[in-house]
>>> print(open('my_file_0.txt').read())   # compact mmCIF, N, CA, C and O atoms
# COMPACT_ATOMS: atom_id res chain seq x y z
N MET X 12 100.85 83.25 145.78
CA MET X 12 102.12 83.86 146.15
C MET X 12 102.75 84.48 144.90
O MET X 12 102.83 83.85 143.86
N SER X 13 103.22 85.70 145.04
CA SER X 13 103.81 86.37 143.88
C SER X 13 105.26 85.94 143.68
O SER X 13 105.92 85.45 144.58
N GLN X 14 105.74 86.19 142.49
CA GLN X 14 107.10 85.84 142.11
C GLN X 14 108.09 86.79 142.80
O GLN X 14 107.88 87.99 142.84
N LEU X 15 109.18 86.24 143.32
CA LEU X 15 110.21 87.03 143.98
C LEU X 15 110.86 87.97 142.97
O LEU X 15 111.30 87.54 141.91
N SER X 16 110.91 89.26 143.30
CA SER X 16 111.54 90.23 142.41
C SER X 16 112.93 90.59 142.92
O SER X 16 113.13 90.82 144.12
N ILE X 17 113.88 90.63 142.00
CA ILE X 17 115.28 90.83 142.35
C ILE X 17 115.87 91.98 141.54
O ILE X 17 115.61 92.11 140.35
N TYR X 18 116.71 92.77 142.21
CA TYR X 18 117.44 93.86 141.58
C TYR X 18 118.92 93.59 141.80
O TYR X 18 119.33 93.26 142.92
N ILE X 19 119.73 93.73 140.75
CA ILE X 19 121.16 93.44 140.81
C ILE X 19 121.97 94.74 140.70
O ILE X 19 121.73 95.54 139.81
N ILE X 20 122.93 94.89 141.61
CA ILE X 20 123.87 96.01 141.55
C ILE X 20 125.27 95.40 141.42
O ILE X 20 125.80 94.83 142.37
N GLU X 21 125.81 95.51 140.23
CA GLU X 21 127.11 94.89 139.91
C GLU X 21 127.78 95.72 138.84
O GLU X 21 127.17 96.00 137.81
N ASP X 22 129.03 96.14 139.08
CA ASP X 22 129.71 97.00 138.12
C ASP X 22 130.56 96.24 137.10
O ASP X 22 131.06 96.84 136.16
N GLU X 23 130.71 94.95 137.26
CA GLU X 23 131.44 94.16 136.28
C GLU X 23 130.43 93.47 135.36
O GLU X 23 129.64 92.64 135.81
N PHE X 24 130.48 93.81 134.09
CA PHE X 24 129.48 93.33 133.14
C PHE X 24 129.36 91.81 133.12
O PHE X 24 128.25 91.28 133.10
N LEU X 25 130.48 91.11 133.12
CA LEU X 25 130.45 89.64 133.06
C LEU X 25 129.67 89.05 134.23
O LEU X 25 128.80 88.21 134.04
N TYR X 26 129.96 89.52 135.44
CA TYR X 26 129.24 89.02 136.62
C TYR X 26 127.78 89.44 136.61
O TYR X 26 126.90 88.65 136.97
N ALA X 27 127.51 90.66 136.21
CA ALA X 27 126.12 91.12 136.14
C ALA X 27 125.32 90.25 135.17
O ALA X 27 124.20 89.83 135.47
N ASN X 28 125.91 89.97 134.03
CA ASN X 28 125.24 89.14 133.03
C ASN X 28 124.99 87.73 133.56
O ASN X 28 123.90 87.17 133.37
N GLN X 29 125.98 87.14 134.22
CA GLN X 29 125.80 85.80 134.79
C GLN X 29 124.69 85.78 135.84
O GLN X 29 123.89 84.86 135.89
N LEU X 30 124.65 86.81 136.68
CA LEU X 30 123.60 86.89 137.70
C LEU X 30 122.22 87.05 137.07
O LEU X 30 121.25 86.44 137.52
N MET X 31 122.13 87.87 136.03
CA MET X 31 120.85 88.07 135.35
C MET X 31 120.34 86.75 134.77
O MET X 31 119.16 86.41 134.93
N ILE X 32 121.22 86.00 134.14
CA ILE X 32 120.83 84.71 133.57
C ILE X 32 120.40 83.75 134.67
O ILE X 32 119.37 83.07 134.55
N LEU X 33 121.15 83.69 135.75
CA LEU X 33 120.83 82.79 136.86
C LEU X 33 119.47 83.12 137.48
O LEU X 33 118.66 82.23 137.73
N VAL X 34 119.22 84.40 137.71
CA VAL X 34 117.94 84.82 138.29
C VAL X 34 116.78 84.36 137.41
O VAL X 34 115.79 83.80 137.90
N GLU X 35 116.90 84.57 136.12
CA GLU X 35 115.82 84.18 135.21
C GLU X 35 115.69 82.67 135.08
O GLU X 35 114.58 82.14 135.05
N GLU X 36 116.83 81.95 135.06
CA GLU X 36 116.78 80.49 134.98
C GLU X 36 116.12 79.88 136.21
O GLU X 36 115.47 78.84 136.12
N LEU X 37 116.29 80.52 137.36
CA LEU X 37 115.70 80.02 138.59
C LEU X 37 114.22 80.41 138.73
O LEU X 37 113.56 80.03 139.69
N GLY X 38 113.73 81.17 137.77
CA GLY X 38 112.31 81.51 137.75
C GLY X 38 111.93 82.75 138.54
O GLY X 38 110.76 82.98 138.80
N TYR X 39 112.92 83.54 138.93
CA TYR X 39 112.63 84.78 139.64
C TYR X 39 112.46 85.92 138.65
O TYR X 39 112.86 85.83 137.50
N LYS X 40 111.90 87.00 139.12
CA LYS X 40 111.66 88.16 138.27
C LYS X 40 112.78 89.18 138.44
O LYS X 40 112.96 89.73 139.53
N LEU X 41 113.53 89.42 137.40
CA LEU X 41 114.57 90.44 137.41
C LEU X 41 113.91 91.78 137.10
O LEU X 41 113.39 91.97 136.01
N VAL X 42 113.93 92.70 138.07
CA VAL X 42 113.25 93.98 137.86
C VAL X 42 114.19 95.09 137.46
O VAL X 42 113.74 96.17 137.05
N GLY X 43 115.51 94.87 137.59
CA GLY X 43 116.44 95.90 137.18
C GLY X 43 117.87 95.58 137.55
O GLY X 43 118.14 94.69 138.34
N THR X 44 118.77 96.33 136.93
CA THR X 44 120.19 96.23 137.22
C THR X 44 120.80 97.63 137.16
O THR X 44 120.28 98.51 136.49
N ALA X 45 121.89 97.79 137.88
CA ALA X 45 122.64 99.04 137.83
C ALA X 45 124.11 98.72 138.06
O ALA X 45 124.44 97.73 138.71
N ASN X 46 124.96 99.59 137.54
CA ASN X 46 126.39 99.39 137.75
C ASN X 46 126.96 100.44 138.70
O ASN X 46 128.17 100.54 138.86
N ASN X 47 126.08 101.24 139.34
CA ASN X 47 126.56 102.24 140.29
C ASN X 47 125.46 102.56 141.31
O ASN X 47 124.28 102.31 141.08
N SER X 48 125.88 103.12 142.42
CA SER X 48 124.95 103.38 143.52
C SER X 48 123.94 104.47 143.21
O SER X 48 122.80 104.42 143.69
N ASP X 49 124.32 105.43 142.39
CA ASP X 49 123.41 106.54 142.09
C ASP X 49 122.19 106.10 141.29
O ASP X 49 121.06 106.43 141.63
N THR X 50 122.42 105.33 140.25
CA THR X 50 121.32 104.79 139.45
C THR X 50 120.50 103.82 140.28
O THR X 50 119.26 103.85 140.27
N ALA X 51 121.18 102.95 141.01
CA ALA X 51 120.50 101.92 141.79
C ALA X 51 119.53 102.51 142.80
O ALA X 51 118.39 102.05 142.91
N TYR X 52 119.96 103.52 143.53
CA TYR X 52 119.11 104.08 144.58
C TYR X 52 117.74 104.51 144.05
O TYR X 52 116.71 104.09 144.56
N GLY X 53 117.74 105.33 143.02
CA GLY X 53 116.48 105.83 142.47
C GLY X 53 115.58 104.73 141.95
O GLY X 53 114.37 104.73 142.20
N GLU X 54 116.17 103.78 141.26
CA GLU X 54 115.37 102.69 140.70
C GLU X 54 114.83 101.76 141.78
O GLU X 54 113.68 101.33 141.72
N ILE X 55 115.63 101.46 142.78
CA ILE X 55 115.20 100.53 143.83
C ILE X 55 114.07 101.13 144.66
O ILE X 55 113.08 100.44 144.94
N VAL X 56 114.19 102.37 145.03
CA VAL X 56 113.12 103.02 145.81
C VAL X 56 111.82 103.05 145.01
O VAL X 56 110.74 102.87 145.56
N LYS X 57 111.93 103.25 143.71
CA LYS X 57 110.75 103.28 142.84
C LYS X 57 110.17 101.88 142.61
O LYS X 57 108.96 101.67 142.71
N LEU X 58 111.02 100.90 142.31
CA LEU X 58 110.57 99.56 141.95
C LEU X 58 110.22 98.67 143.15
O LEU X 58 109.44 97.74 143.02
N LYS X 59 110.83 98.94 144.29
CA LYS X 59 110.60 98.18 145.52
C LYS X 59 110.73 96.66 145.32
O LYS X 59 109.80 95.90 145.59
N PRO X 60 111.91 96.20 144.89
CA PRO X 60 112.10 94.75 144.72
C PRO X 60 112.11 94.04 146.08
O PRO X 60 112.25 94.68 147.13
N ASP X 61 111.97 92.73 146.04
CA ASP X 61 112.01 91.92 147.27
C ASP X 61 113.43 91.69 147.75
O ASP X 61 113.66 91.54 148.96
N LEU X 62 114.38 91.62 146.81
CA LEU X 62 115.75 91.23 147.15
C LEU X 62 116.74 92.01 146.31
O LEU X 62 116.52 92.23 145.12
N LEU X 63 117.86 92.39 146.96
CA LEU X 63 118.97 93.03 146.25
C LEU X 63 120.16 92.08 146.25
O LEU X 63 120.51 91.54 147.30
N LEU X 64 120.78 91.91 145.09
CA LEU X 64 122.07 91.23 144.98
C LEU X 64 123.08 92.34 144.74
O LEU X 64 123.04 93.01 143.70
N VAL X 65 123.96 92.59 145.71
CA VAL X 65 124.81 93.78 145.70
C VAL X 65 126.29 93.41 145.75
O VAL X 65 126.73 92.74 146.69
N ASP X 66 127.03 93.88 144.77
CA ASP X 66 128.48 93.73 144.80
C ASP X 66 129.01 94.59 145.95
O ASP X 66 128.56 95.72 146.15
N ILE X 67 129.95 94.07 146.70
CA ILE X 67 130.55 94.80 147.82
C ILE X 67 131.27 96.05 147.32
O ILE X 67 131.28 97.09 147.97
N ASN X 68 131.88 95.96 146.14
CA ASN X 68 132.67 97.07 145.60
C ASN X 68 131.93 97.66 144.41
O ASN X 68 132.01 97.13 143.30
N ILE X 69 131.19 98.77 144.64
CA ILE X 69 130.42 99.38 143.55
C ILE X 69 130.88 100.81 143.30
O ILE X 69 131.46 101.46 144.17
N ASN X 70 130.59 101.27 142.12
CA ASN X 70 130.88 102.65 141.74
C ASN X 70 129.75 103.56 142.19
O ASN X 70 128.65 103.10 142.48
N GLY X 71 130.01 104.86 142.21
CA GLY X 71 128.98 105.83 142.53
C GLY X 71 129.35 106.67 143.74
O GLY X 71 130.41 106.50 144.35
N SER X 72 128.46 107.56 144.11
CA SER X 72 128.74 108.48 145.21
C SER X 72 128.64 107.81 146.58
O SER X 72 129.12 108.35 147.56
N LYS X 73 128.00 106.65 146.65
CA LYS X 73 127.90 105.90 147.91
C LYS X 73 128.51 104.52 147.72
O LYS X 73 128.40 103.93 146.65
N ASP X 74 129.13 104.00 148.78
CA ASP X 74 129.59 102.62 148.71
C ASP X 74 128.38 101.72 149.01
O ASP X 74 127.29 102.21 149.30
N CYS X 75 128.58 100.42 148.96
CA CYS X 75 127.44 99.50 149.09
C CYS X 75 126.74 99.61 150.45
O CYS X 75 125.53 99.51 150.53
N ILE X 76 127.51 99.84 151.49
CA ILE X 76 126.92 99.95 152.83
C ILE X 76 126.08 101.22 152.94
O ILE X 76 124.94 101.19 153.41
N GLU X 77 126.63 102.33 152.49
CA GLU X 77 125.89 103.59 152.52
C GLU X 77 124.63 103.50 151.66
O GLU X 77 123.57 104.02 152.04
N LEU X 78 124.73 102.82 150.53
CA LEU X 78 123.58 102.65 149.65
C LEU X 78 122.46 101.88 150.36
O LEU X 78 121.31 102.30 150.36
N ILE X 79 122.80 100.75 150.94
CA ILE X 79 121.79 99.93 151.62
C ILE X 79 121.19 100.70 152.81
O ILE X 79 119.97 100.66 153.02
N GLU X 80 122.01 101.43 153.54
CA GLU X 80 121.48 102.24 154.65
C GLU X 80 120.46 103.25 154.14
O GLU X 80 119.39 103.41 154.73
N SER X 81 120.76 103.92 153.04
CA SER X 81 119.84 104.91 152.46
C SER X 81 118.55 104.26 151.98
O SER X 81 117.46 104.80 152.21
N ILE X 82 118.67 103.14 151.31
CA ILE X 82 117.49 102.44 150.81
C ILE X 82 116.60 101.98 151.95
O ILE X 82 115.37 102.13 151.90
N LYS X 83 117.21 101.44 153.01
CA LYS X 83 116.42 100.93 154.14
C LYS X 83 115.69 102.04 154.89
O LYS X 83 114.75 101.76 155.64
N LYS X 84 116.09 103.29 154.70
CA LYS X 84 115.35 104.41 155.28
C LYS X 84 114.05 104.65 154.51
O LYS X 84 113.11 105.25 155.03
N GLU X 85 114.01 104.19 153.26
CA GLU X 85 112.85 104.40 152.39
C GLU X 85 111.92 103.18 152.30
O GLU X 85 110.71 103.33 152.29
N ILE X 86 112.51 101.99 152.20
CA ILE X 86 111.72 100.76 152.04
C ILE X 86 112.34 99.62 152.83
O ILE X 86 113.54 99.63 153.12
N GLU X 87 111.52 98.65 153.15
CA GLU X 87 112.02 97.44 153.79
C GLU X 87 112.51 96.51 152.68
O GLU X 87 111.77 96.24 151.73
N ILE X 88 113.74 96.02 152.81
CA ILE X 88 114.31 95.21 151.74
C ILE X 88 115.37 94.26 152.29
O ILE X 88 116.02 94.54 153.30
N THR X 89 115.53 93.14 151.62
CA THR X 89 116.53 92.14 151.95
C THR X 89 117.68 92.27 150.97
O THR X 89 117.47 92.47 149.78
N SER X 90 118.90 92.13 151.48
CA SER X 90 120.07 92.23 150.59
C SER X 90 121.02 91.05 150.81
O SER X 90 121.12 90.52 151.91
N ILE X 91 121.68 90.68 149.71
CA ILE X 91 122.74 89.69 149.74
C ILE X 91 123.95 90.34 149.09
O ILE X 91 123.88 90.83 147.97
N PHE X 92 125.07 90.37 149.83
CA PHE X 92 126.30 90.94 149.30
C PHE X 92 127.11 89.88 148.57
O PHE X 92 127.17 88.73 149.00
N ILE X 93 127.73 90.31 147.47
CA ILE X 93 128.53 89.42 146.63
C ILE X 93 129.88 90.07 146.42
O ILE X 93 129.96 91.27 146.16
N THR X 94 130.95 89.26 146.50
CA THR X 94 132.29 89.83 146.29
C THR X 94 133.26 88.78 145.76
O THR X 94 133.03 87.59 145.91
N SER X 95 134.30 89.27 145.15
CA SER X 95 135.39 88.39 144.73
C SER X 95 136.56 88.52 145.72
O SER X 95 137.55 87.82 145.60
N PHE X 96 136.43 89.43 146.70
CA PHE X 96 137.47 89.60 147.71
C PHE X 96 137.45 88.44 148.68
O PHE X 96 136.39 87.94 149.04
N THR X 97 138.62 88.02 149.14
CA THR X 97 138.69 86.99 150.17
C THR X 97 138.89 87.62 151.55
O THR X 97 138.70 86.97 152.56
N ASP X 98 139.25 88.90 151.58
CA ASP X 98 139.42 89.64 152.82
C ASP X 98 138.06 89.78 153.50
O ASP X 98 137.07 90.17 152.88
N GLN X 99 137.99 89.51 154.77
CA GLN X 99 136.73 89.57 155.52
C GLN X 99 136.37 90.99 155.98
O GLN X 99 135.26 91.22 156.44
N THR X 100 137.27 91.94 155.81
CA THR X 100 137.02 93.31 156.27
C THR X 100 135.74 93.92 155.71
O THR X 100 134.94 94.46 156.46
N PRO X 101 135.51 93.83 154.39
CA PRO X 101 134.24 94.39 153.87
C PRO X 101 133.01 93.73 154.48
O PRO X 101 132.01 94.39 154.74
N PHE X 102 133.08 92.43 154.73
CA PHE X 102 131.94 91.73 155.30
C PHE X 102 131.70 92.14 156.75
O PHE X 102 130.55 92.22 157.19
N GLU X 103 132.77 92.39 157.47
CA GLU X 103 132.62 92.86 158.85
C GLU X 103 131.88 94.19 158.87
O GLU X 103 130.99 94.41 159.68
N ARG X 104 132.23 95.07 157.96
CA ARG X 104 131.56 96.37 157.86
C ARG X 104 130.12 96.21 157.38
O ARG X 104 129.22 96.91 157.82
N ALA X 105 129.90 95.27 156.47
CA ALA X 105 128.56 95.05 155.91
C ALA X 105 127.57 94.53 156.94
O ALA X 105 126.37 94.72 156.79
N LYS X 106 128.05 93.93 157.99
CA LYS X 106 127.16 93.39 159.03
C LYS X 106 126.25 94.45 159.63
O LYS X 106 125.17 94.15 160.11
N LYS X 107 126.68 95.71 159.59
CA LYS X 107 125.87 96.75 160.23
C LYS X 107 124.56 97.03 159.50
O LYS X 107 123.66 97.64 160.06
N VAL X 108 124.41 96.56 158.26
CA VAL X 108 123.14 96.73 157.55
C VAL X 108 122.35 95.42 157.48
O VAL X 108 121.37 95.30 156.77
N ASN X 109 122.79 94.45 158.25
CA ASN X 109 122.08 93.16 158.39
C ASN X 109 121.73 92.47 157.07
O ASN X 109 120.55 92.21 156.80
N PRO X 110 122.73 92.16 156.26
CA PRO X 110 122.42 91.45 155.02
C PRO X 110 121.92 90.04 155.33
O PRO X 110 122.24 89.47 156.39
N TYR X 111 121.15 89.50 154.43
CA TYR X 111 120.67 88.13 154.59
C TYR X 111 121.82 87.14 154.49
O TYR X 111 121.88 86.15 155.20
N ALA X 112 122.76 87.45 153.57
CA ALA X 112 123.91 86.56 153.36
C ALA X 112 125.01 87.33 152.66
O ALA X 112 124.80 88.43 152.14
N SER X 113 126.19 86.73 152.64
CA SER X 113 127.32 87.24 151.88
C SER X 113 127.90 86.06 151.11
O SER X 113 128.13 85.00 151.68
N LEU X 114 128.10 86.25 149.82
CA LEU X 114 128.58 85.18 148.95
C LEU X 114 129.84 85.59 148.22
O LEU X 114 130.00 86.75 147.86
N ASN X 115 130.70 84.62 147.95
CA ASN X 115 131.89 84.86 147.13
C ASN X 115 131.57 84.54 145.68
O ASN X 115 130.89 83.56 145.39
N LYS X 116 132.09 85.40 144.80
CA LYS X 116 131.95 85.14 143.36
C LYS X 116 132.83 83.96 142.98
O LYS X 116 133.86 83.75 143.59
N PRO X 117 132.41 83.27 141.95
CA PRO X 117 133.25 82.15 141.48
C PRO X 117 134.58 82.63 140.98
O PRO X 117 134.76 83.73 140.59
>>> encode(input="my_file_0.txt", output="structure tokens")
Amino acid sequence: MSQLSIYIIEDEFLYANQLMILVEELGYKLVGTANNSDTAYGEIVKLKPDLLLVDININGSKDCIELIESIKKEIEITSIFITSFTDQTPFERAKKVNPYASLNKP
């Protein structure tokens, strides 16, 4: 069985760094990170990771939902949304791209 590959999309450096450390400590393969949807799209389609860890609120020409919709047209992928918001509105909207889970940031 191959090692799970993960790509992180997070625009806050502190959270991105914590996620990168956690992924590696857990023994998964970190294949890339981006702080905006434009960079993320091209790299994800090329790298084809197994899992995306995606901040609900990202920079770029697409929001997180539009980004995942575009990626899923190209490759089959699992996503987990991460947010510091307590409002459930973004998660209600995120349901349309069938994320595996939604998590709150510490």
>>> closest_atom_pairs(input="my_file_0.txt", of="range 17-53 of chain X", to="range 65-76 of chain X", cutoff="10 Å", atoms="only C-alpha atoms", output="tab-separated table")
residue	atom	partner	partner_atom	distance
X:Tyr18	CA	X:Val65	CA	8.4
X:Ile19	CA	X:Val65	CA	6.1
X:Ile20	CA	X:Val65	CA	4.8
X:Glu21	CA	X:Asp66	CA	5.2
X:Asp22	CA	X:Ile69	CA	6.0
X:Glu23	CA	X:Ile69	CA	9.0
X:Tyr26	CA	X:Asp66	CA	9.5
X:Ala27	CA	X:Asp66	CA	9.3
X:Thr44	CA	X:Val65	CA	10.0
X:Ala45	CA	X:Ile69	CA	9.7
X:Asn46	CA	X:Asn70	CA	6.8
X:Asn47	CA	X:Asn70	CA	4.6
X:Ser48	CA	X:Gly71	CA	4.8
X:Asp49	CA	X:Gly71	CA	5.6
X:Thr50	CA	X:Gly71	CA	8.3
X:Ala51	CA	X:Gly71	CA	9.4
X:Tyr52	CA	X:Lys73	CA	9.6
>>> atom_distance(input="my_file_0.txt", atom1="atom O of Leu33 in chain X", atom2="atom N of Ile17 in chain X")
10.6 Å
>>> atom_distance(input="my_file_0.txt", atom1="CA of Lys57 in chain X", atom2="CA of Lys116 in chain X")
27.9 Å
>>> closest_residue(input="my_file_0.txt", among="X:Ser16, X:Ile88, X:Val56, X:Lys83", to="Gly43 in chain X", atoms="all atoms listed in the file")
X:Ser16
>>> select_by_dssp(input="my_file_0.txt", residues="chain X", states="strand (DSSP E or B)", output="list of chain:residue names")
X:Ser16, X:Ile17, X:Tyr18, X:Ile19, X:Ile20, X:Lys40, X:Leu41, X:Val42, X:Gly43, X:Thr44, X:Ala45, X:Asn47, X:Leu62, X:Leu63, X:Leu64, X:Val65, X:Asp66, X:Asn70, X:Thr89, X:Ser90, X:Ile91, X:Phe92, X:Ile93, X:Thr94, X:Ala112, X:Ser113, X:Leu114, X:Asn115
>>> atom_distance(input="my_file_0.txt", atom1="CA of Asp61 in chain X", atom2="CA of Ser90 in chain X")
8.7 Å
>>> select_by_dssp(input="my_file_0.txt", residues="chain X", states="alpha helix (DSSP H)", output="MDAnalysis selection string")
chainID X and resid 24:36 48:58 75:85 100:105
